[in-house]
Amino acid sequence: MAEAHQAVGFQFTVTPDGIDLHLSREVLKHIYLSGVTSWRKRAIRFKNGILTGVYPASPSSLLIVVIATMSTIYARIDPSLGMIDTIKRTMPVSGYMTVQTQTVFSAILFSTGLWLSLILMLRYTLKALLSYHAWIFESHGKISFCTKLWLTLVKMFSGRRPLLYSFQTSLPRLPVPRVDDTITRYLESVRPLLDDEQYNQMEVVANNFKKDQAPKLQKYLILKSWCATNYVSDWWEEYIYLRGRSPIMVNSNFYAMLRALGVVPMCSYQMERMFNTTRIPGIETDFVQHLSDRKHLVVYHKGRFFKVWLYYGGRHLWPSELETQFQRILDDTTEPQPGELKLAALTAGNRVPWARARLKYFSQGVNKASLEAIETSAFFLTLDDEVHGYDPEKLRSLDLYAKSLLHGKCYDRWFDKSFTLIAYKNGKLGVNAEHSWADAPIIGHMWEYVLATDCFHLGYTEEGHCKGDISNGLPPPIKLQWDIPLECQEVIEDSYMVAKVIADDVDFHGCLFDEFGKGLIKKSRTSPDAFIQLALQLAQFRDKGEFCLTYEASMTRMFREGRTETVRSCTSESTAFVRAMEDKSTTSAQRLDLFRKAADKHQNMYRLAMTGSGIDRHLFCLYIMSKYLSIDSPFLKQVLSEPWRLSTSQTPQQQLNMVDIKRFPRYVGAGGGFGPVADDGYGVSYIIIGENLITFHISSKFSSPETDSYRFGQNIRQAMLDIRALFDQKDKKEKEM
């Protein structure tokens, strides 16, 4: 095999005169360069570790402290209040050190201790400043004196040129809310969904929990919050994601299509596992495997798996060289090996069969080596042989594009990888991401960076090829080898059939709303997110004739290792507004007044969720604690079993500003989406793009007679227009006066 010969650095033959050694200079050169690259990476990581470890100070500040201390000593001033003399007296007597040398050495030790103390003081001061959240509750455009002073101090103590993880140790911990507050907010959230008798029963159950079981559970949870970096995140990852035994395709993974941060630092913990990460299946629970450094990716094309090195000659491959490697794979005409075509379906089906098959059939020989190549790769790439992407001339093009990204053919994405990059035949791109290691904004941030880099830094030749030269000695991609027995092929087929049933049941509709957008909504002095959430409530009521428990994801990344919290968007205020919209006897002024009250309520709940005072993560952790302590709680059981029939999420536009969006509209992402959470419900993801476009990604299940994604999309569109009409009527009346 060609790749085997290229991997050999030397060859030898035995002759009558002895051993004849033949060295391959080219290969040894690349071995040397690979070693240099590895050590260079270690040096960079060490340097960044030092810079992050002493932040918000800098290593050079140590020299300043030492010089300042030495200067005062030579000026016969003791800034240490006798500590330098104490250090000097405790030093062992030596003939090699003069009194002056001892003084200098003692001063350096004192300066280092003082410097470290100052770093800790700065860090805890910054942590205290970042624990201030009153600014988030202030009205837009109205900044109090306290907040202005706070902003000044944050900038002062934040240092200069922070790195990605510089603020990690300065971020505050997620606080544990008071049980009384959580119970009160919970009862308030379910009031519009229950009649008087049901609400009274729930109130009794909740108060019994608050009085009997909650105090003990809360004490243990507070103890956990003292010991753990974040009292929610580890349990959330384990019990919500890794312990689930059902397929993660559609049910957990999400996608992103081609296409608020800045006031305070956000936790970057999730970004650590973006690359070199795989979810490994287990019988009872999965685990996330993250490796510090990998030098290859794995490519899937027409049923074959290829290993592609990302380094050559001690450097990253240039885009032109990657294009060459991918073209070699596209030109490869070999057929898939037995069982190889649908192998990735194992990651799409139930977790237990996959875990057992992995132990039985992939623990030795070529299967083990090939599976390790996939699981240890930087990420997974699918060169899809289909054509997808949004085309306004083609009916349902966005719908089919989204379904392809979400589940594909059920065997052409490795759903366990941190993310699978999908490149279609027509050049369109997308991402399918595994959910346990990170949330959607992390993938969205990476995806925007990829698009911006492609647009503004790399570029293409006039012929459409990547710019740059191509090394002559570039080794070809390595085709992974498999020896999959018939028994395993049957397991693969079973997993495929399970996944196909799920995929075929996904009803998806992509809705591009371009009648108006963020620009007009902000002119009406309303939060765009609150506007959209109230439109979703109106659409839900028109679609089903009733209200339902609604989930909106909010982030808690202002806290260390924070992930998400739930905003319960269906409130007494929002239901009052919706009923008024459907009541012909109410005036537009009355409806608008109810709309503003509902929008203000939603904004306040969103802010509470962001600042650690949400409802659901606290109740979730109390429930897990009750299981550990064998405490039976009817209240917590009921709370955790309530279905979210409307699950929503906003994808933030984080890096492309308005000028970029107007100049380069084809590089702006259309957001992403996910599968429905409830069998008879909707999943809605939306992204606000620029001033005049909002994209909705709506999912449901064909098997439910109660849902229809296209119908719901039309209801959302009409609800948005009807709410805007309230402001148009108000403006018209004001002009007439």
# chains A, B, ... in the order shown; residues from 1 in each chain; ligands from 1

call {"tool": "residues_around", "arguments": {"residues": "A:Ile374", "least_positions_apart": "2", "cutoff": "10 Å", "atoms": "only C-alpha atoms", "output": "PyMOL selection string"}}
result
chain A and resi 276+278+296-299+305-307+369-372+376-380+414+416-417+480

call {"tool": "residues_around", "arguments": {"residues": "A:Arg328", "least_positions_apart": "6", "cutoff": "12 Å", "atoms": "only C-alpha atoms", "output": "PyMOL selection string"}}
result
chain A and resi 299+301+306-308+321-322+334+383+474-479

call {"tool": "write_last_selection", "arguments": {"atoms": "all heavy atoms", "output": "compact mmCIF listing (two decimals), in the first residue's frame"}}
result
# COMPACT_ATOMS: atom_id res chain seq x y z
N VAL A 299 -13.30 11.78 6.72
CA VAL A 299 -14.23 12.21 5.68
C VAL A 299 -15.07 11.02 5.23
O VAL A 299 -14.54 9.92 5.01
CB VAL A 299 -13.47 12.80 4.47
CG1 VAL A 299 -14.45 13.27 3.40
CG2 VAL A 299 -12.57 13.95 4.90
N HIS A 301 -17.68 9.71 2.25
CA HIS A 301 -18.18 9.99 0.90
C HIS A 301 -18.64 8.69 0.25
O HIS A 301 -17.87 7.73 0.15
CB HIS A 301 -17.09 10.64 0.04
CG HIS A 301 -17.51 10.87 -1.38
ND1 HIS A 301 -18.57 11.67 -1.72
CD2 HIS A 301 -17.01 10.39 -2.56
CE1 HIS A 301 -18.72 11.68 -3.03
NE2 HIS A 301 -17.78 10.91 -3.56
N PHE A 306 -12.51 8.03 5.00
CA PHE A 306 -11.12 8.37 4.68
C PHE A 306 -10.53 9.19 5.82
O PHE A 306 -11.18 10.08 6.37
CB PHE A 306 -11.03 9.17 3.39
CG PHE A 306 -11.50 8.43 2.17
CD1 PHE A 306 -12.84 8.42 1.81
CD2 PHE A 306 -10.59 7.75 1.36
CE1 PHE A 306 -13.28 7.75 0.68
CE2 PHE A 306 -11.01 7.08 0.23
CZ PHE A 306 -12.36 7.07 -0.11
N LYS A 307 -9.27 8.90 6.13
CA LYS A 307 -8.51 9.68 7.11
C LYS A 307 -7.65 10.69 6.36
O LYS A 307 -6.87 10.32 5.49
CB LYS A 307 -7.64 8.75 7.95
CG LYS A 307 -6.83 9.45 9.04
CD LYS A 307 -6.06 8.42 9.86
CE LYS A 307 -5.25 9.06 10.96
NZ LYS A 307 -4.51 8.04 11.76
N VAL A 308 -7.79 11.96 6.72
CA VAL A 308 -7.05 13.04 6.06
C VAL A 308 -6.21 13.77 7.10
O VAL A 308 -6.74 14.30 8.08
CB VAL A 308 -8.01 14.03 5.37
CG1 VAL A 308 -7.22 15.19 4.75
CG2 VAL A 308 -8.84 13.33 4.31
N GLU A 321 -4.47 22.80 -0.47
CA GLU A 321 -4.08 21.40 -0.27
C GLU A 321 -5.25 20.57 0.26
O GLU A 321 -5.41 19.41 -0.13
CB GLU A 321 -2.89 21.34 0.69
CG GLU A 321 -1.62 21.96 0.10
CD GLU A 321 -0.49 22.05 1.10
OE1 GLU A 321 -0.77 22.28 2.29
OE2 GLU A 321 0.69 21.89 0.69
N LEU A 322 -6.06 21.17 1.11
CA LEU A 322 -7.26 20.46 1.56
C LEU A 322 -8.20 20.21 0.39
O LEU A 322 -8.80 19.13 0.28
CB LEU A 322 -7.98 21.29 2.63
CG LEU A 322 -7.32 21.32 4.02
CD1 LEU A 322 -8.00 22.34 4.91
CD2 LEU A 322 -7.36 19.94 4.67
N THR A 334 -13.62 3.39 -5.61
CA THR A 334 -13.75 2.12 -4.91
C THR A 334 -15.12 2.01 -4.25
O THR A 334 -15.74 3.01 -3.88
CB THR A 334 -12.66 1.96 -3.84
OG1 THR A 334 -12.76 3.06 -2.92
CG2 THR A 334 -11.28 1.96 -4.47
N LEU A 383 -18.86 14.60 2.69
CA LEU A 383 -18.97 15.14 1.34
C LEU A 383 -20.24 14.54 0.75
O LEU A 383 -20.24 13.43 0.21
CB LEU A 383 -17.74 14.78 0.51
CG LEU A 383 -16.41 15.35 1.02
CD1 LEU A 383 -15.25 14.88 0.14
CD2 LEU A 383 -16.45 16.88 1.05
N LEU A 474 2.50 15.76 -1.03
CA LEU A 474 1.34 15.60 -0.15
C LEU A 474 0.81 14.17 -0.21
O LEU A 474 0.38 13.70 -1.27
CB LEU A 474 0.25 16.59 -0.57
CG LEU A 474 -0.91 16.82 0.40
CD1 LEU A 474 -0.41 17.47 1.67
CD2 LEU A 474 -1.98 17.68 -0.26
N PRO A 475 0.83 13.44 0.92
CA PRO A 475 0.35 12.05 0.90
C PRO A 475 -1.16 12.01 0.70
O PRO A 475 -1.88 12.87 1.20
CB PRO A 475 0.74 11.51 2.28
CG PRO A 475 0.84 12.71 3.14
CD PRO A 475 1.31 13.82 2.26
N PRO A 476 -1.66 11.01 -0.02
CA PRO A 476 -3.10 10.93 -0.29
C PRO A 476 -3.88 10.55 0.95
O PRO A 476 -3.31 10.04 1.92
CB PRO A 476 -3.19 9.85 -1.36
CG PRO A 476 -2.02 8.97 -1.10
CD PRO A 476 -0.93 9.89 -0.63
N PRO A 477 -5.21 10.78 0.98
CA PRO A 477 -6.04 10.32 2.09
C PRO A 477 -5.95 8.80 2.26
O PRO A 477 -5.73 8.06 1.29
CB PRO A 477 -7.45 10.74 1.68
CG PRO A 477 -7.25 11.85 0.69
CD PRO A 477 -5.98 11.52 -0.04
N ILE A 478 -6.12 8.36 3.49
CA ILE A 478 -6.02 6.93 3.81
C ILE A 478 -7.43 6.36 3.96
O ILE A 478 -8.21 6.82 4.79
CB ILE A 478 -5.23 6.71 5.11
CG1 ILE A 478 -3.83 7.31 4.98
CG2 ILE A 478 -5.16 5.23 5.46
CD1 ILE A 478 -3.07 7.35 6.30
N LYS A 479 -7.75 5.37 3.15
CA LYS A 479 -9.07 4.73 3.23
C LYS A 479 -9.10 3.79 4.44
O LYS A 479 -8.25 2.92 4.58
CB LYS A 479 -9.37 3.95 1.95
CG LYS A 479 -10.80 3.46 1.84
CD LYS A 479 -11.06 2.86 0.45
CE LYS A 479 -12.51 2.45 0.29
NZ LYS A 479 -12.91 1.39 1.21

call {"tool": "closest_atom_pairs", "arguments": {"of": "stretch 499-612 of chain A", "to": "stretch 490-495 of chain A", "cutoff": "12 Å", "atoms": "only C-alpha atoms", "output": "JSON lines"}}
result
{"residue": "A:Ala499", "atom": "CA", "partner": "A:Ser495", "partner_atom": "CA", "distance": 6.2}
{"residue": "A:Lys500", "atom": "CA", "partner": "A:Ser495", "partner_atom": "CA", "distance": 8.5}
{"residue": "A:Val501", "atom": "CA", "partner": "A:Ser495", "partner_atom": "CA", "distance": 10.2}
{"residue": "A:Ile502", "atom": "CA", "partner": "A:Ser495", "partner_atom": "CA", "distance": 11.0}

call {"tool": "write_last_selection", "arguments": {"atoms": "C-alpha atoms", "output": "compact mmCIF listing (two decimals), in the first residue's frame"}}
result
# COMPACT_ATOMS: atom_id res chain seq x y z
CA ALA A 499 -33.38 5.98 12.84
CA LYS A 500 -35.27 6.02 9.54
CA VAL A 501 -38.63 5.84 11.31
CA ILE A 502 -37.63 8.87 13.40

call {"tool": "select_by_dssp", "arguments": {"residues": "stretch 386-561 of chain A", "states": "alpha helix (DSSP H)", "output": "JSON, numbers by chain"}}
result
{"A": [397, 398, 399, 400, 401, 402, 403, 404, 405, 406, 407, 440, 441, 442, 443, 444, 445, 446, 447, 448, 449, 450, 451, 452, 453, 486, 487, 488, 489, 490, 491, 492, 493, 494, 495, 496, 497, 498, 499, 500, 501, 502, 503, 504, 518, 519, 520, 521, 522, 523, 528, 529, 530, 531, 532, 533, 534, 535, 536, 537, 538, 539, 540, 541, 542, 543, 544]}

call {"tool": "closest_atom_pairs", "arguments": {"of": "stretch 676-703 of chain A", "to": "stretch 711-725 of chain A", "cutoff": "12 Å", "atoms": "only C-alpha atoms", "output": "Markdown table"}}
result
| residue | atom | partner | partner_atom | distance |
| --- | --- | --- | --- | --- |
| A:Gly681 | CA | A:Phe712 | CA | 10.7 |
| A:Tyr682 | CA | A:Phe712 | CA | 8.5 |
| A:Gly683 | CA | A:Phe712 | CA | 10.6 |
| A:Val684 | CA | A:Gly713 | CA | 9.5 |
| A:Ser685 | CA | A:Gly713 | CA | 11.6 |
| A:Tyr686 | CA | A:Ile716 | CA | 11.4 |
| A:Ile694 | CA | A:Arg717 | CA | 10.4 |
| A:Thr695 | CA | A:Gly713 | CA | 10.5 |
| A:Phe696 | CA | A:Gly713 | CA | 7.8 |
| A:His697 | CA | A:Gly713 | CA | 8.7 |
| A:Ile698 | CA | A:Gly713 | CA | 7.0 |
| A:Ser699 | CA | A:Phe712 | CA | 9.5 |
| A:Ser700 | CA | A:Phe712 | CA | 9.6 |

call {"tool": "residues_around", "arguments": {"residues": "A:Leu421", "least_positions_apart": "3", "cutoff": "9 Å", "atoms": "only C-alpha atoms", "output": "JSON, numbers by chain"}}
result
{"A": [379, 380, 381, 382, 383, 413, 429, 430, 431, 432, 433]}

call {"tool": "write_last_selection", "arguments": {"atoms": "N, CA, C and O atoms", "output": "PDB file, in the first residue's frame"}}
result
ATOM      1  N   PHE A 379     -12.681  16.543  13.816  1.00  0.00           N
ATOM      2  CA  PHE A 379     -14.124  16.586  13.581  1.00  0.00           C
ATOM      3  C   PHE A 379     -14.426  15.659  12.410  1.00  0.00           C
ATOM      4  O   PHE A 379     -13.524  15.043  11.839  1.00  0.00           O
ATOM      5  N   PHE A 380     -15.691  15.558  12.055  1.00  0.00           N
ATOM      6  CA  PHE A 380     -16.120  14.637  10.997  1.00  0.00           C
ATOM      7  C   PHE A 380     -16.660  15.457   9.832  1.00  0.00           C
ATOM      8  O   PHE A 380     -17.380  16.438  10.025  1.00  0.00           O
ATOM      9  N   LEU A 381     -16.284  15.079   8.620  1.00  0.00           N
ATOM     10  CA  LEU A 381     -16.725  15.787   7.413  1.00  0.00           C
ATOM     11  C   LEU A 381     -17.461  14.829   6.491  1.00  0.00           C
ATOM     12  O   LEU A 381     -16.962  13.736   6.199  1.00  0.00           O
ATOM     13  N   THR A 382     -18.639  15.234   6.047  1.00  0.00           N
ATOM     14  CA  THR A 382     -19.387  14.468   5.053  1.00  0.00           C
ATOM     15  C   THR A 382     -19.390  15.226   3.738  1.00  0.00           C
ATOM     16  O   THR A 382     -19.852  16.373   3.686  1.00  0.00           O
ATOM     17  N   LEU A 383     -18.857  14.601   2.695  1.00  0.00           N
ATOM     18  CA  LEU A 383     -18.974  15.138   1.338  1.00  0.00           C
ATOM     19  C   LEU A 383     -20.243  14.536   0.752  1.00  0.00           C
ATOM     20  O   LEU A 383     -20.240  13.435   0.205  1.00  0.00           O
ATOM     21  N   ARG A 413     -23.852  10.798   8.601  1.00  0.00           N
ATOM     22  CA  ARG A 413     -23.288  11.720   9.588  1.00  0.00           C
ATOM     23  C   ARG A 413     -22.880  10.882  10.794  1.00  0.00           C
ATOM     24  O   ARG A 413     -23.582   9.934  11.153  1.00  0.00           O
ATOM     25  N   LEU A 429     -23.058  24.481   2.611  1.00  0.00           N
ATOM     26  CA  LEU A 429     -22.515  23.852   3.812  1.00  0.00           C
ATOM     27  C   LEU A 429     -23.544  23.829   4.933  1.00  0.00           C
ATOM     28  O   LEU A 429     -24.568  24.502   4.879  1.00  0.00           O
ATOM     29  N   GLY A 430     -23.244  23.063   5.956  1.00  0.00           N
ATOM     30  CA  GLY A 430     -24.069  23.008   7.157  1.00  0.00           C
ATOM     31  C   GLY A 430     -23.367  22.200   8.223  1.00  0.00           C
ATOM     32  O   GLY A 430     -22.333  21.572   7.975  1.00  0.00           O
ATOM     33  N   VAL A 431     -23.922  22.210   9.430  1.00  0.00           N
ATOM     34  CA  VAL A 431     -23.330  21.525  10.568  1.00  0.00           C
ATOM     35  C   VAL A 431     -24.409  20.756  11.316  1.00  0.00           C
ATOM     36  O   VAL A 431     -25.512  21.269  11.518  1.00  0.00           O
ATOM     37  N   ASN A 432     -24.095  19.512  11.687  1.00  0.00           N
ATOM     38  CA  ASN A 432     -24.919  18.762  12.631  1.00  0.00           C
ATOM     39  C   ASN A 432     -24.099  18.604  13.901  1.00  0.00           C
ATOM     40  O   ASN A 432     -22.979  18.101  13.859  1.00  0.00           O
ATOM     41  N   ALA A 433     -24.635  19.048  15.038  1.00  0.00           N
ATOM     42  CA  ALA A 433     -23.860  19.084  16.279  1.00  0.00           C
ATOM     43  C   ALA A 433     -24.475  18.198  17.349  1.00  0.00           C
ATOM     44  O   ALA A 433     -25.699  18.159  17.514  1.00  0.00           O
TER      45      ALA A 433
END

call {"tool": "residues_around", "arguments": {"residues": "A:Lys127", "least_positions_apart": "4", "cutoff": "9 Å", "atoms": "only C-alpha atoms", "output": "mmCIF file with all heavy atoms, in the first residue's frame"}}
result
data_model
loop_
_atom_site.group_PDB
_atom_site.id
_atom_site.type_symbol
_atom_site.label_atom_id
_atom_site.label_comp_id
_atom_site.auth_asym_id
_atom_site.auth_seq_id
_atom_site.Cartn_x
_atom_site.Cartn_y
_atom_site.Cartn_z
ATOM 1 N N LEU A 122 -7.035 41.554 42.688
ATOM 2 C CA LEU A 122 -7.662 42.026 41.452
ATOM 3 C C LEU A 122 -8.704 41.042 40.949
ATOM 4 O O LEU A 122 -9.792 41.427 40.504
ATOM 5 C CB LEU A 122 -6.583 42.237 40.379
ATOM 6 C CG LEU A 122 -5.649 43.429 40.545
ATOM 7 C CD1 LEU A 122 -4.528 43.361 39.520
ATOM 8 C CD2 LEU A 122 -6.418 44.731 40.401
ATOM 9 N N ARG A 123 -8.377 39.748 41.049
ATOM 10 C CA ARG A 123 -9.283 38.714 40.550
ATOM 11 C C ARG A 123 -10.575 38.677 41.357
ATOM 12 O O ARG A 123 -11.674 38.601 40.799
ATOM 13 C CB ARG A 123 -8.578 37.358 40.586
ATOM 14 C CG ARG A 123 -9.345 36.245 39.911
ATOM 15 C CD ARG A 123 -8.476 35.018 39.784
ATOM 16 N NE ARG A 123 -7.406 35.228 38.821
ATOM 17 C CZ ARG A 123 -6.378 34.399 38.656
ATOM 18 N NH1 ARG A 123 -6.273 33.332 39.426
ATOM 19 N NH2 ARG A 123 -5.456 34.635 37.744
ATOM 20 N N SER A 131 -20.412 40.086 39.650
ATOM 21 C CA SER A 131 -21.594 39.557 40.336
ATOM 22 C C SER A 131 -22.719 40.585 40.389
ATOM 23 O O SER A 131 -23.834 40.259 40.808
ATOM 24 C CB SER A 131 -21.226 39.134 41.765
ATOM 25 O OG SER A 131 -20.256 38.104 41.755
ATOM 26 N N THR A 169 -11.489 32.296 35.789
ATOM 27 C CA THR A 169 -11.379 32.259 37.253
ATOM 28 C C THR A 169 -11.990 33.484 37.916
ATOM 29 O O THR A 169 -12.156 33.508 39.142
ATOM 30 C CB THR A 169 -9.906 32.135 37.678
ATOM 31 O OG1 THR A 169 -9.153 33.203 37.076
ATOM 32 C CG2 THR A 169 -9.328 30.797 37.243
ATOM 33 N N SER A 170 -12.331 34.493 37.125
ATOM 34 C CA SER A 170 -12.924 35.709 37.693
ATOM 35 C C SER A 170 -14.446 35.721 37.590
ATOM 36 O O SER A 170 -15.090 36.623 38.135
ATOM 37 C CB SER A 170 -12.372 36.954 36.984
ATOM 38 O OG SER A 170 -10.979 37.045 37.148
ATOM 39 N N LEU A 171 -15.009 34.741 36.886
ATOM 40 C CA LEU A 171 -16.463 34.698 36.751
ATOM 41 C C LEU A 171 -17.092 34.200 38.051
ATOM 42 O O LEU A 171 -16.579 33.274 38.688
ATOM 43 C CB LEU A 171 -16.867 33.779 35.596
ATOM 44 C CG LEU A 171 -16.507 34.256 34.193
ATOM 45 C CD1 LEU A 171 -16.849 33.178 33.171
ATOM 46 C CD2 LEU A 171 -17.251 35.538 33.855
ATOM 47 N N PRO A 172 -18.220 34.778 38.456
ATOM 48 C CA PRO A 172 -18.874 34.318 39.689
ATOM 49 C C PRO A 172 -19.525 32.953 39.500
ATOM 50 O O PRO A 172 -19.760 32.514 38.371
ATOM 51 C CB PRO A 172 -19.936 35.395 39.934
ATOM 52 C CG PRO A 172 -20.224 35.968 38.583
ATOM 53 C CD PRO A 172 -18.924 35.899 37.825
#

call {"tool": "residues_around", "arguments": {"residues": "A:Phe547", "least_positions_apart": "6", "cutoff": "7 Å", "atoms": "only C-alpha atoms", "output": "PyMOL selection string"}}
result
chain A and resi 193+540-541

call {"tool": "write_last_selection", "arguments": {"atoms": "N, CA and C atoms", "output": "compact mmCIF listing (two decimals), in the first residue's frame"}}
result
# COMPACT_ATOMS: atom_id res chain seq x y z
N LEU A 193 -52.32 27.93 32.88
CA LEU A 193 -52.52 26.63 32.24
C LEU A 193 -53.46 25.72 33.02
N GLN A 540 -49.67 29.82 18.57
CA GLN A 540 -49.99 28.56 19.24
C GLN A 540 -51.49 28.47 19.57
N PHE A 541 -52.05 29.57 20.09
CA PHE A 541 -53.47 29.57 20.44
C PHE A 541 -54.34 29.42 19.20

call {"tool": "decode", "arguments": {"residues": "stretch 390-397 of chain A", "atoms": "all heavy atoms", "output": "CSV table (one decimal), in the first residue's frame"}}
result
chain,number,residue,atom,x,y,z
A,390,TYR,N,-30.8,26.9,0.3
A,390,TYR,CA,-32.0,27.7,0.0
A,390,TYR,C,-32.0,28.3,-1.4
A,390,TYR,O,-31.1,28.9,-1.8
A,390,TYR,CB,-32.1,28.8,1.1
A,390,TYR,CG,-33.3,29.8,0.8
A,390,TYR,CD1,-34.6,29.3,0.8
A,390,TYR,CD2,-33.0,31.1,0.4
A,390,TYR,CE1,-35.6,30.2,0.6
A,390,TYR,CE2,-34.1,32.0,0.1
A,390,TYR,CZ,-35.4,31.5,0.2
A,390,TYR,OH,-36.4,32.3,-0.1
A,391,ASP,N,-33.1,28.0,-2.1
A,391,ASP,CA,-33.3,28.5,-3.4
A,391,ASP,C,-34.8,29.0,-3.5
A,391,ASP,O,-35.7,28.2,-3.5
A,391,ASP,CB,-33.1,27.4,-4.5
A,391,ASP,CG,-33.2,27.9,-5.9
A,391,ASP,OD1,-33.6,29.1,-6.1
A,391,ASP,OD2,-32.8,27.2,-6.8
A,392,PRO,N,-35.0,30.4,-3.6
A,392,PRO,CA,-36.3,30.9,-3.6
A,392,PRO,C,-37.1,30.4,-4.8
A,392,PRO,O,-38.4,30.5,-4.8
A,392,PRO,CB,-36.1,32.4,-3.7
A,392,PRO,CG,-34.7,32.6,-4.2
A,392,PRO,CD,-33.9,31.4,-3.7
A,393,GLU,N,-36.5,29.9,-5.8
A,393,GLU,CA,-37.2,29.4,-7.0
A,393,GLU,C,-37.7,28.0,-6.9
A,393,GLU,O,-38.5,27.5,-7.6
A,393,GLU,CB,-36.3,29.5,-8.3
A,393,GLU,CG,-35.7,30.9,-8.6
A,393,GLU,CD,-36.8,31.8,-8.9
A,393,GLU,OE1,-37.8,31.4,-9.6
A,393,GLU,OE2,-36.7,33.0,-8.5
A,394,LYS,N,-37.2,27.3,-5.8
A,394,LYS,CA,-37.6,25.9,-5.6
A,394,LYS,C,-38.5,25.8,-4.4
A,394,LYS,O,-38.2,26.3,-3.3
A,394,LYS,CB,-36.4,25.0,-5.5
A,394,LYS,CG,-35.6,24.9,-6.7
A,394,LYS,CD,-34.4,23.9,-6.5
A,394,LYS,CE,-33.6,23.8,-7.8
A,394,LYS,NZ,-32.4,22.9,-7.6
A,395,LEU,N,-39.6,25.1,-4.5
A,395,LEU,CA,-40.6,24.9,-3.4
A,395,LEU,C,-39.9,24.0,-2.3
A,395,LEU,O,-39.3,23.0,-2.6
A,395,LEU,CB,-41.8,24.3,-4.0
A,395,LEU,CG,-43.0,24.1,-3.0
A,395,LEU,CD1,-43.5,25.5,-2.6
A,395,LEU,CD2,-44.1,23.3,-3.6
A,396,ARG,N,-40.0,24.4,-1.1
A,396,ARG,CA,-39.6,23.7,0.1
A,396,ARG,C,-38.1,23.4,0.1
A,396,ARG,O,-37.6,22.5,0.7
A,396,ARG,CB,-40.3,22.3,0.2
A,396,ARG,CG,-41.8,22.4,0.4
A,396,ARG,CD,-42.4,21.1,0.8
A,396,ARG,NE,-42.0,20.7,2.1
A,396,ARG,CZ,-41.5,19.5,2.4
A,396,ARG,NH1,-41.4,18.6,1.5
A,396,ARG,NH2,-41.1,19.2,3.7
A,397,SER,N,-37.3,24.2,-0.6
A,397,SER,CA,-35.9,24.0,-0.6
A,397,SER,C,-35.3,24.2,0.8
A,397,SER,O,-34.4,23.4,1.2
A,397,SER,CB,-35.2,25.0,-1.6
A,397,SER,OG,-35.3,26.3,-1.2
